[in-house]
Amino acid sequence: MTVLRAWPSDLDGLVALYPRTPEPVLRVNFIASLDGAATVGGLSAGLQGPGDKEIFDTLRMTCDALVVAAGTVRAENYDALRLTAGARTWRRAHDLPEFPLMVIVSGSLDLDPEQLIFADAPIRPIVLTHRAAPVERVAGFAEVITAGDADVDLAAGVAALRARGAGQVLCEGGPALFGALIAADLVTELCLTVSPLLVGGGPGRIATGAPGIPRSMSLRHVLTREDMIFLRYARPPVDQGN
């Protein structure tokens with residue numbers, strides 16, 4: 001199978017490389033430097049380059065729910081999940097709601113209702129938390145899903161999203177959430193952008209936290225644009241116990 005692909009000439013070509021799948025998927029999108037850094041100066045924006053935004057926007061356009069940890073929402077100053085006019089047109093043409101669900105994972109519920117992710121949201125965001133959390137903090141500006149007693153049960157949370165029709169779930173991190181999803185064996189795809197930078201020591205890895213059971217992944221394609229590399233890995237079609 002040829003995995004080295006030419007950069008698509010149009011949006012349809014890019015969507016074909018990052019398709020919606022018949023089966024449920026939990027797709028994680030991350031960027032890292034050549035030496036494994038997840039950020040530059042504390043933010044992922046310092047790693048971005050040609051082609052990265054096109055893939056980022058395509059993954060958001062095609063998903064049913066976008067899941068992000070509260071710490072990443074704060075650190076990266078997330079805006080509302082509004083999408084472009086073209087992306088909304090594409091979704092309507094494919095019988096999808098105009099906007100994906102925006103889901104913020106938080107145990108403390110230390111969230112700012114004035115942040116644009118809430119204040120400018122086209123549809124009410126969802127906060128995924130646990131049953132011991134002080135839900136009154138966010139009840140006025142977000143829908144709340146509780147999963148787990150004292151910690152967020154990610155498997156139960158993803159199942160709750162699936163029950164709402166969100167079969168195609170996209171996660172943009174951060175590293176602690178990615179690590180927790182790996183530990184819970186929930187990740188079915190990883191879209192990894194490799195930025196042509198050497199950052200040095202300091203920034204952490206793209207996944208942190210408790211180790212999970214190693215799982216083999218299958219390389220679906222390699223794209224390049226200038227010096228950027230874009231990798232898509234997925235679980236093999238037949239799970240052989242890896």
# chains A, B, ... in the order shown; residues from 1 in each chain; ligands from 1
>>> residues_around(residues="Gly202 (chain A)", least_positions_apart="3", cutoff="10 Å", atoms="only C-alpha atoms", output="PyMOL selection string")
chain A and resi 37-42+199+205
>>> select_by_dssp(residues="region 66-224 of chain A", states="strand (DSSP E)", output="CSV table (one decimal) with N, CA, C and O atoms, in the first residue's frame")
chain,number,residue,atom,x,y,z
A,66,LEU,N,-16.0,17.8,19.2
A,66,LEU,CA,-14.6,18.2,19.5
A,66,LEU,C,-14.4,18.2,21.0
A,66,LEU,O,-15.1,19.0,21.7
A,67,VAL,N,-13.5,17.4,21.4
A,67,VAL,CA,-13.2,17.3,22.9
A,67,VAL,C,-11.9,17.9,23.2
A,67,VAL,O,-10.9,17.6,22.6
A,68,VAL,N,-11.9,18.8,24.2
A,68,VAL,CA,-10.6,19.5,24.6
A,68,VAL,C,-10.6,19.6,26.1
A,68,VAL,O,-11.7,19.8,26.8
A,69,ALA,N,-9.4,19.4,26.7
A,69,ALA,CA,-9.3,19.6,28.2
A,69,ALA,C,-9.4,21.1,28.5
A,69,ALA,O,-9.0,21.9,27.8
A,101,LEU,N,-20.5,19.4,18.2
A,101,LEU,CA,-20.6,19.6,19.6
A,101,LEU,C,-19.2,20.1,20.1
A,101,LEU,O,-18.2,19.5,19.7
A,102,MET,N,-19.2,21.1,21.0
A,102,MET,CA,-18.0,21.5,21.7
A,102,MET,C,-18.0,20.9,23.1
A,102,MET,O,-18.9,21.2,23.9
A,103,VAL,N,-17.0,20.1,23.4
A,103,VAL,CA,-17.0,19.4,24.7
A,103,VAL,C,-15.7,19.7,25.4
A,103,VAL,O,-14.6,19.5,24.9
A,104,ILE,N,-15.8,20.3,26.7
A,104,ILE,CA,-14.7,20.6,27.5
A,104,ILE,C,-14.6,19.7,28.7
A,104,ILE,O,-15.6,19.5,29.4
A,105,VAL,N,-13.5,19.0,28.8
A,105,VAL,CA,-13.3,18.0,30.0
A,105,VAL,C,-12.7,18.8,31.1
A,105,VAL,O,-11.6,19.4,31.0
A,126,ILE,N,-20.8,21.7,25.9
A,126,ILE,CA,-20.9,20.7,26.9
A,126,ILE,C,-19.7,20.6,27.8
A,126,ILE,O,-18.6,20.7,27.3
A,127,VAL,N,-19.9,20.5,29.1
A,127,VAL,CA,-18.7,20.3,30.0
A,127,VAL,C,-18.9,18.9,30.5
A,127,VAL,O,-19.9,18.5,31.1
A,128,LEU,N,-17.8,18.1,30.3
A,128,LEU,CA,-17.8,16.7,30.8
A,128,LEU,C,-17.0,16.7,32.1
A,128,LEU,O,-15.8,17.1,32.1
A,129,THR,N,-17.7,16.3,33.2
A,129,THR,CA,-17.0,16.3,34.5
A,129,THR,C,-17.5,15.1,35.3
A,129,THR,O,-18.0,14.1,34.7
A,143,GLU,N,-24.0,23.0,29.1
A,143,GLU,CA,-24.6,21.8,29.4
A,143,GLU,C,-23.6,20.9,30.2
A,143,GLU,O,-22.4,20.9,29.8
A,144,VAL,N,-24.1,20.1,31.1
A,144,VAL,CA,-23.2,19.3,31.9
A,144,VAL,C,-23.5,17.8,31.7
A,144,VAL,O,-24.6,17.4,31.8
A,145,ILE,N,-22.4,17.1,31.4
A,145,ILE,CA,-22.5,15.6,31.5
A,145,ILE,C,-21.6,15.1,32.6
A,145,ILE,O,-20.4,15.5,32.6
A,146,THR,N,-22.1,14.3,33.5
A,146,THR,CA,-21.3,13.8,34.5
A,146,THR,C,-21.0,12.3,34.2
A,146,THR,O,-21.9,11.5,33.9
A,168,GLN,N,-18.2,10.3,15.4
A,168,GLN,CA,-16.9,10.8,15.0
A,168,GLN,C,-16.4,11.9,16.0
A,168,GLN,O,-16.8,13.0,15.9
A,169,VAL,N,-15.6,11.4,16.9
A,169,VAL,CA,-15.1,12.3,18.0
A,169,VAL,C,-13.6,12.7,17.7
A,169,VAL,O,-12.8,11.9,17.4
A,170,LEU,N,-13.4,14.0,17.8
A,170,LEU,CA,-12.0,14.6,17.6
A,170,LEU,C,-11.5,15.2,18.9
A,170,LEU,O,-12.3,15.9,19.6
A,171,CYS,N,-10.3,14.8,19.3
A,171,CYS,CA,-9.7,15.4,20.5
A,171,CYS,C,-8.5,16.2,20.1
A,171,CYS,O,-7.6,15.7,19.3
A,189,GLU,N,-7.5,6.7,16.3
A,189,GLU,CA,-6.7,7.3,15.3
A,189,GLU,C,-5.8,8.4,15.9
A,189,GLU,O,-6.2,9.1,16.9
A,190,LEU,N,-4.6,8.6,15.3
A,190,LEU,CA,-3.8,9.8,15.7
A,190,LEU,C,-3.4,10.5,14.4
A,190,LEU,O,-2.8,9.8,13.5
A,191,CYS,N,-3.7,11.8,14.3
A,191,CYS,CA,-3.2,12.6,13.2
A,191,CYS,C,-2.1,13.5,13.8
A,191,CYS,O,-2.3,14.3,14.6
A,192,LEU,N,-0.9,13.2,13.4
A,192,LEU,CA,0.3,13.8,14.0
A,192,LEU,C,1.0,14.7,13.0
A,192,LEU,O,1.5,14.2,11.9
A,193,THR,N,1.2,15.9,13.3
A,193,THR,CA,2.0,16.8,12.5
A,193,THR,C,3.4,17.0,13.1
A,193,THR,O,3.5,17.2,14.3
A,194,VAL,N,4.4,16.8,12.3
A,194,VAL,CA,5.8,16.9,12.7
A,194,VAL,C,6.3,18.2,12.2
A,194,VAL,O,6.4,18.4,11.0
A,195,SER,N,6.6,19.1,13.1
A,195,SER,CA,7.1,20.4,12.7
A,195,SER,C,8.7,20.4,12.6
A,195,SER,O,9.3,19.8,13.4
A,218,SER,N,-1.6,1.4,12.6
A,218,SER,CA,-1.2,1.3,11.2
A,218,SER,C,-1.1,2.6,10.5
A,218,SER,O,-2.0,3.5,10.7
A,219,LEU,N,0.0,2.8,9.8
A,219,LEU,CA,0.2,4.1,9.1
A,219,LEU,C,-0.7,4.1,7.8
A,219,LEU,O,-0.7,3.3,7.0
A,220,ARG,N,-1.6,5.1,7.8
A,220,ARG,CA,-2.6,5.3,6.7
A,220,ARG,C,-2.0,6.2,5.6
A,220,ARG,O,-2.3,5.9,4.4
A,221,HIS,N,-1.3,7.2,6.0
A,221,HIS,CA,-0.7,8.1,4.9
A,221,HIS,C,0.3,9.0,5.5
A,221,HIS,O,0.4,9.3,6.7
A,222,VAL,N,1.2,9.5,4.6
A,222,VAL,CA,2.2,10.5,4.9
A,222,VAL,C,2.0,11.6,3.9
A,222,VAL,O,2.0,11.4,2.7
A,223,LEU,N,1.8,12.8,4.4
A,223,LEU,CA,1.7,14.0,3.5
A,223,LEU,C,2.8,15.0,3.9
A,223,LEU,O,3.3,15.0,5.1
A,224,THR,N,3.3,15.7,2.9
A,224,THR,CA,4.3,16.7,3.3
A,224,THR,C,3.9,18.1,2.6
A,224,THR,O,3.3,18.1,1.5
>>> closest_residue(among="A:Leu197, A:Leu43, A:Ala183, A:Cys63", to="Met228 (chain A)", atoms="only C-alpha atoms")
A:Leu197
>>> closest_residue(among="A:Ser108, A:Ser44, A:Thr58, A:Asn77", to="Ile206 (chain A)", atoms="only C-alpha atoms")
A:Ser44
>>> closest_residue(among="A:Leu26, A:Leu47, A:Leu154, A:Ala176", to="Gly71 (chain A)", atoms="only C-alpha atoms")
A:Ala176
>>> closest_atom_pairs(of="region 41-144 of chain A", to="region 8-23 of chain A", cutoff="10 Å", atoms="only C-alpha atoms", output="JSON lines")
{"residue": "A:Glu54", "atom": "CA", "partner": "A:Leu14", "partner_atom": "CA", "distance": 8.5}
{"residue": "A:Ile55", "atom": "CA", "partner": "A:Leu14", "partner_atom": "CA", "distance": 7.5}
{"residue": "A:Thr58", "atom": "CA", "partner": "A:Val15", "partner_atom": "CA", "distance": 6.7}
{"residue": "A:Leu59", "atom": "CA", "partner": "A:Tyr18", "partner_atom": "CA", "distance": 7.0}
{"residue": "A:Met61", "atom": "CA", "partner": "A:Val15", "partner_atom": "CA", "distance": 9.2}
{"residue": "A:Thr62", "atom": "CA", "partner": "A:Arg20", "partner_atom": "CA", "distance": 6.5}
{"residue": "A:Cys63", "atom": "CA", "partner": "A:Arg20", "partner_atom": "CA", "distance": 7.4}
{"residue": "A:Asp64", "atom": "CA", "partner": "A:Arg20", "partner_atom": "CA", "distance": 9.5}
{"residue": "A:Ala87", "atom": "CA", "partner": "A:Leu11", "partner_atom": "CA", "distance": 9.9}
{"residue": "A:Trp90", "atom": "CA", "partner": "A:Leu11", "partner_atom": "CA", "distance": 9.9}
>>> closest_residue(among="A:Ala6, A:Ala80, A:Ala132, A:Leu231", to="Ala119 (chain A)", atoms="only C-alpha atoms")
A:Ala80
>>> atom_distance(atom1="CA of Val158 (chain A)", atom2="CA of Gly209 (chain A)")
19.2 Å
>>> select_by_dssp(residues="region 19-182 of chain A", states="alpha helix (DSSP H)", output="ChimeraX atom specification")
/A:52-62,70-75,85-93,116-119,154-163,175-182
